[in-house]
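Written below as structure tokens is the structure these notes are about.
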Amino acid sequence: MSRKLTVVLLAMLVLVTAMSLKTAAVTHGDGSVVMANGGAPQPPVPWKNGGAPQPPVPWKNGGAPQPPVPWK
Amino acid sequence: MPGPLEYGIWLICTLLEGAVVVCAIRSHSFRRYIFLNLYMALSFLVSVARFQVLRHYGMSSEYAYFYYYSDALLTIGLYFALLNLYSHVFDEMKVEHYLRVGAILLLGGTAWFSYAVVQQSSHRLFSHFAYELSQNLYFVGLVLTYALWGAILKLRETRARLIQLVLALGVYFSSFAANYALQNLYRGAGVLRFVTPLLGCILPAAWAYCFLRVSEEARLAPSRLAAVPR
């Protein structure tokens with residue numbers, strides 16, 4: 001019985017330590033993915049933009065240098 | 001879309017994942033480290049499937065969903081691979097039953113915690129859950145790996161292959177943590193986007209080398225693992 005309780009206690013201890021570590025790391029992070037399996041290119045998290053494919057920002061199209069704002 | 005360098009790293013990583021299984025079969029260790037090899041075989045298949053999805057849909061939300069669902073599946077596989085190593089380290093103590101109970105409790109606890117975090121968002125609950133579970137299991141794996149290394153030192157484990165497999169896992173988890181810290185420190189650094197897929201190659205490369213070069217009978221002297229006070 002005591003061995004089973006020790007197993008439960010150890011499992012909970014590992015869980016609490018891991019989640020505390022995660023909270024500490026993610027709180028100071030930018031919300032990016034901590035770990036990714038394999039070498040595939042990592043996509044942005046899709047549901048942050050409502051799931052729809054994110055279009056390119058339109059005013060960045062074209063390679064022309066951006067002029068200064070004339071009214072300044 | 002990824003460039004040629006990213007495709008190259010991805011290809012090398014996929015080949016290394018396949019090499020682990022081949023080397024394990026060649027050294028007659030496939031069944032002994034069954035979960036490690038199943039994880040690597042699954043990683044190989046997922047890499048191929050991800051490539052097909054990326055080629056078909058491009059860097060779209062379809063690819064993103066497939067990527068994060070498969071990532072959750074792979075992280076669960078990695079968790080069982082780690083438990084496979086635990087069972088080898090503690091095999092002489094006859095505690096397999098307790099290990100199984102502890103592993104199920106820990107996985108259930110992590111799943112419950114992940115659900116508790118995402119249950120407020122009714123929008124795409126399952127997707128959020130898969131992502132959260134994957135990230136939480138990473139931290140559980142990190143803690144378990146360090147605990148296992150502590151047990152190896154304490155028990156004065158001498159099996160060289162087992163030690164190298166565990167150490168490779170420790171380096172793998174730690175390098176992702178270091179990479180995450182660097183990404184947050186230097187957010188604009190473009191070179192860091194190549195680092196994450198490169199880190200994915202560490203584990204298959206180390207495990208393939210281990211199965212290829214280190215025999216099951218090889219032993220390390222205990223003094224090489226920890227300094228013994230005289």
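By convention here, the chains of the structure tokens are called A, B, ... in the order presented, each chain's residues are numbered starting at 1, and ligands are numbered starting at 1 in the order presented.
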| task | Return as a PyMOL selection string the residues belonging to chain B that are within 8 Å of chain A, counting only C-alpha atoms. | result | chain B and resi 2+6-7+9-11+13-14+43+47+50-51+59-61+63-65+67+71+74-75+98-99+101-103+105-106+109-110+124+135-136+138-140+142-144+176-177+180-181+184+196-201
| said: Quick one: residues within 8 Å of Tyr69 (chain B), only C-alpha atoms, excluding same-chain residues fewer than 4 positions away - as an NGL selection string? | reply: :B and (65 or 73 or 127 or 130-131)
| request: Would you return as a PyMOL selection string the members of region 15-223 of chain B that DSSP assigns to helix (DSSP H, G or I) on this structure's backbone? | output: chain B and resi 15-26+34-57+61-89+91-93+96-118+125-155+160-185+192-199+202-213+222-223
Can you list, as a PDB file with N, CA, C and O atoms, in the first residue's frame, every protein, DNA or RNA residue that comes within 9 Å of Glu17 (chain B) when you count only C-alpha atoms, leaving out same-chain residues fewer than 2 positions away?
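Listing of part-v4.pdb after writing:
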ATOM      1  N   GLY A  38      10.943  16.163 -34.911  1.00  0.00           N
ATOM      2  CA  GLY A  38      11.341  16.031 -36.312  1.00  0.00           C
ATOM      3  C   GLY A  38      11.904  17.311 -36.890  1.00  0.00           C
ATOM      4  O   GLY A  38      11.974  18.348 -36.221  1.00  0.00           O
TER       5      GLY A  38
ATOM      6  N   ILE B  12      17.719  15.206 -44.084  1.00  0.00           N
ATOM      7  CA  ILE B  12      18.743  14.531 -43.262  1.00  0.00           C
ATOM      8  C   ILE B  12      18.102  13.951 -41.997  1.00  0.00           C
ATOM      9  O   ILE B  12      18.360  12.814 -41.607  1.00  0.00           O
ATOM     10  N   CYS B  13      17.246  14.766 -41.372  1.00  0.00           N
ATOM     11  CA  CYS B  13      16.577  14.329 -40.142  1.00  0.00           C
ATOM     12  C   CYS B  13      15.715  13.087 -40.392  1.00  0.00           C
ATOM     13  O   CYS B  13      15.743  12.124 -39.615  1.00  0.00           O
ATOM     14  N   THR B  14      14.989  13.108 -41.510  1.00  0.00           N
ATOM     15  CA  THR B  14      14.115  11.969 -41.844  1.00  0.00           C
ATOM     16  C   THR B  14      14.946  10.710 -42.105  1.00  0.00           C
ATOM     17  O   THR B  14      14.596   9.615 -41.645  1.00  0.00           O
ATOM     18  N   LEU B  15      16.058  10.886 -42.824  1.00  0.00           N
ATOM     19  CA  LEU B  15      16.919   9.734 -43.111  1.00  0.00           C
ATOM     20  C   LEU B  15      17.526   9.173 -41.818  1.00  0.00           C
ATOM     21  O   LEU B  15      17.643   7.955 -41.655  1.00  0.00           O
ATOM     22  N   ALA B  19      17.328   5.580 -40.159  1.00  0.00           N
ATOM     23  CA  ALA B  19      18.591   4.888 -39.867  1.00  0.00           C
ATOM     24  C   ALA B  19      18.581   4.271 -38.473  1.00  0.00           C
ATOM     25  O   ALA B  19      19.185   3.207 -38.251  1.00  0.00           O
ATOM     26  N   VAL B  20      17.901   4.929 -37.525  1.00  0.00           N
ATOM     27  CA  VAL B  20      17.835   4.383 -36.155  1.00  0.00           C
ATOM     28  C   VAL B  20      17.192   2.999 -36.177  1.00  0.00           C
ATOM     29  O   VAL B  20      17.713   2.038 -35.582  1.00  0.00           O
ATOM     30  N   VAL B  21      16.065   2.901 -36.886  1.00  0.00           N
ATOM     31  CA  VAL B  21      15.342   1.618 -36.943  1.00  0.00           C
ATOM     32  C   VAL B  21      16.197   0.561 -37.649  1.00  0.00           C
ATOM     33  O   VAL B  21      16.300  -0.584 -37.185  1.00  0.00           O
ATOM     34  N   MET B  40      10.746   6.147 -33.416  1.00  0.00           N
ATOM     35  CA  MET B  40      11.540   6.586 -34.568  1.00  0.00           C
ATOM     36  C   MET B  40      10.861   6.209 -35.887  1.00  0.00           C
ATOM     37  O   MET B  40      10.890   6.992 -36.841  1.00  0.00           O
ATOM     38  N   ALA B  41      10.251   5.032 -35.932  1.00  0.00           N
ATOM     39  CA  ALA B  41       9.531   4.627 -37.149  1.00  0.00           C
ATOM     40  C   ALA B  41       8.348   5.566 -37.392  1.00  0.00           C
ATOM     41  O   ALA B  41       8.095   5.988 -38.529  1.00  0.00           O
ATOM     42  N   LEU B  42       7.654   5.912 -36.297  1.00  0.00           N
ATOM     43  CA  LEU B  42       6.520   6.841 -36.401  1.00  0.00           C
ATOM     44  C   LEU B  42       7.004   8.225 -36.858  1.00  0.00           C
ATOM     45  O   LEU B  42       6.358   8.869 -37.697  1.00  0.00           O
ATOM     46  N   SER B  43       8.155   8.668 -36.323  1.00  0.00           N
ATOM     47  CA  SER B  43       8.723   9.965 -36.728  1.00  0.00           C
ATOM     48  C   SER B  43       9.024   9.976 -38.217  1.00  0.00           C
ATOM     49  O   SER B  43       8.770  10.967 -38.909  1.00  0.00           O
ATOM     50  N   PHE B  44       9.570   8.861 -38.707  1.00  0.00           N
ATOM     51  CA  PHE B  44       9.895   8.755 -40.129  1.00  0.00           C
ATOM     52  C   PHE B  44       8.623   8.866 -40.976  1.00  0.00           C
ATOM     53  O   PHE B  44       8.567   9.645 -41.941  1.00  0.00           O
ATOM     54  N   CYS B 201      17.499  16.791 -35.345  1.00  0.00           N
ATOM     55  CA  CYS B 201      18.400  15.740 -35.863  1.00  0.00           C
ATOM     56  C   CYS B 201      19.264  15.129 -34.752  1.00  0.00           C
ATOM     57  O   CYS B 201      19.866  14.059 -34.958  1.00  0.00           O
ATOM     58  N   LEU B 203      18.640  13.776 -31.747  1.00  0.00           N
ATOM     59  CA  LEU B 203      18.223  12.506 -31.147  1.00  0.00           C
ATOM     60  C   LEU B 203      18.380  11.320 -32.109  1.00  0.00           C
ATOM     61  O   LEU B 203      19.015  10.319 -31.744  1.00  0.00           O
ATOM     62  N   PRO B 204      17.851  11.403 -33.344  1.00  0.00           N
ATOM     63  CA  PRO B 204      18.051  10.253 -34.246  1.00  0.00           C
ATOM     64  C   PRO B 204      19.513   9.996 -34.560  1.00  0.00           C
ATOM     65  O   PRO B 204      19.928   8.830 -34.669  1.00  0.00           O
ATOM     66  N   ALA B 205      20.326  11.073 -34.675  1.00  0.00           N
ATOM     67  CA  ALA B 205      21.755  10.879 -34.981  1.00  0.00           C
ATOM     68  C   ALA B 205      22.445  10.146 -33.830  1.00  0.00           C
ATOM     69  O   ALA B 205      23.200   9.184 -34.043  1.00  0.00           O
ATOM     70  N   TRP B 207      21.075   8.299 -31.419  1.00  0.00           N
ATOM     71  CA  TRP B 207      20.554   6.931 -31.222  1.00  0.00           C
ATOM     72  C   TRP B 207      21.040   5.995 -32.330  1.00  0.00           C
ATOM     73  O   TRP B 207      21.361   4.831 -32.055  1.00  0.00           O
ATOM     74  N   ALA B 208      21.107   6.511 -33.557  1.00  0.00           N
ATOM     75  CA  ALA B 208      21.601   5.667 -34.658  1.00  0.00           C
ATOM     76  C   ALA B 208      23.065   5.293 -34.398  1.00  0.00           C
ATOM     77  O   ALA B 208      23.464   4.126 -34.560  1.00  0.00           O
TER      78      ALA B 208
END
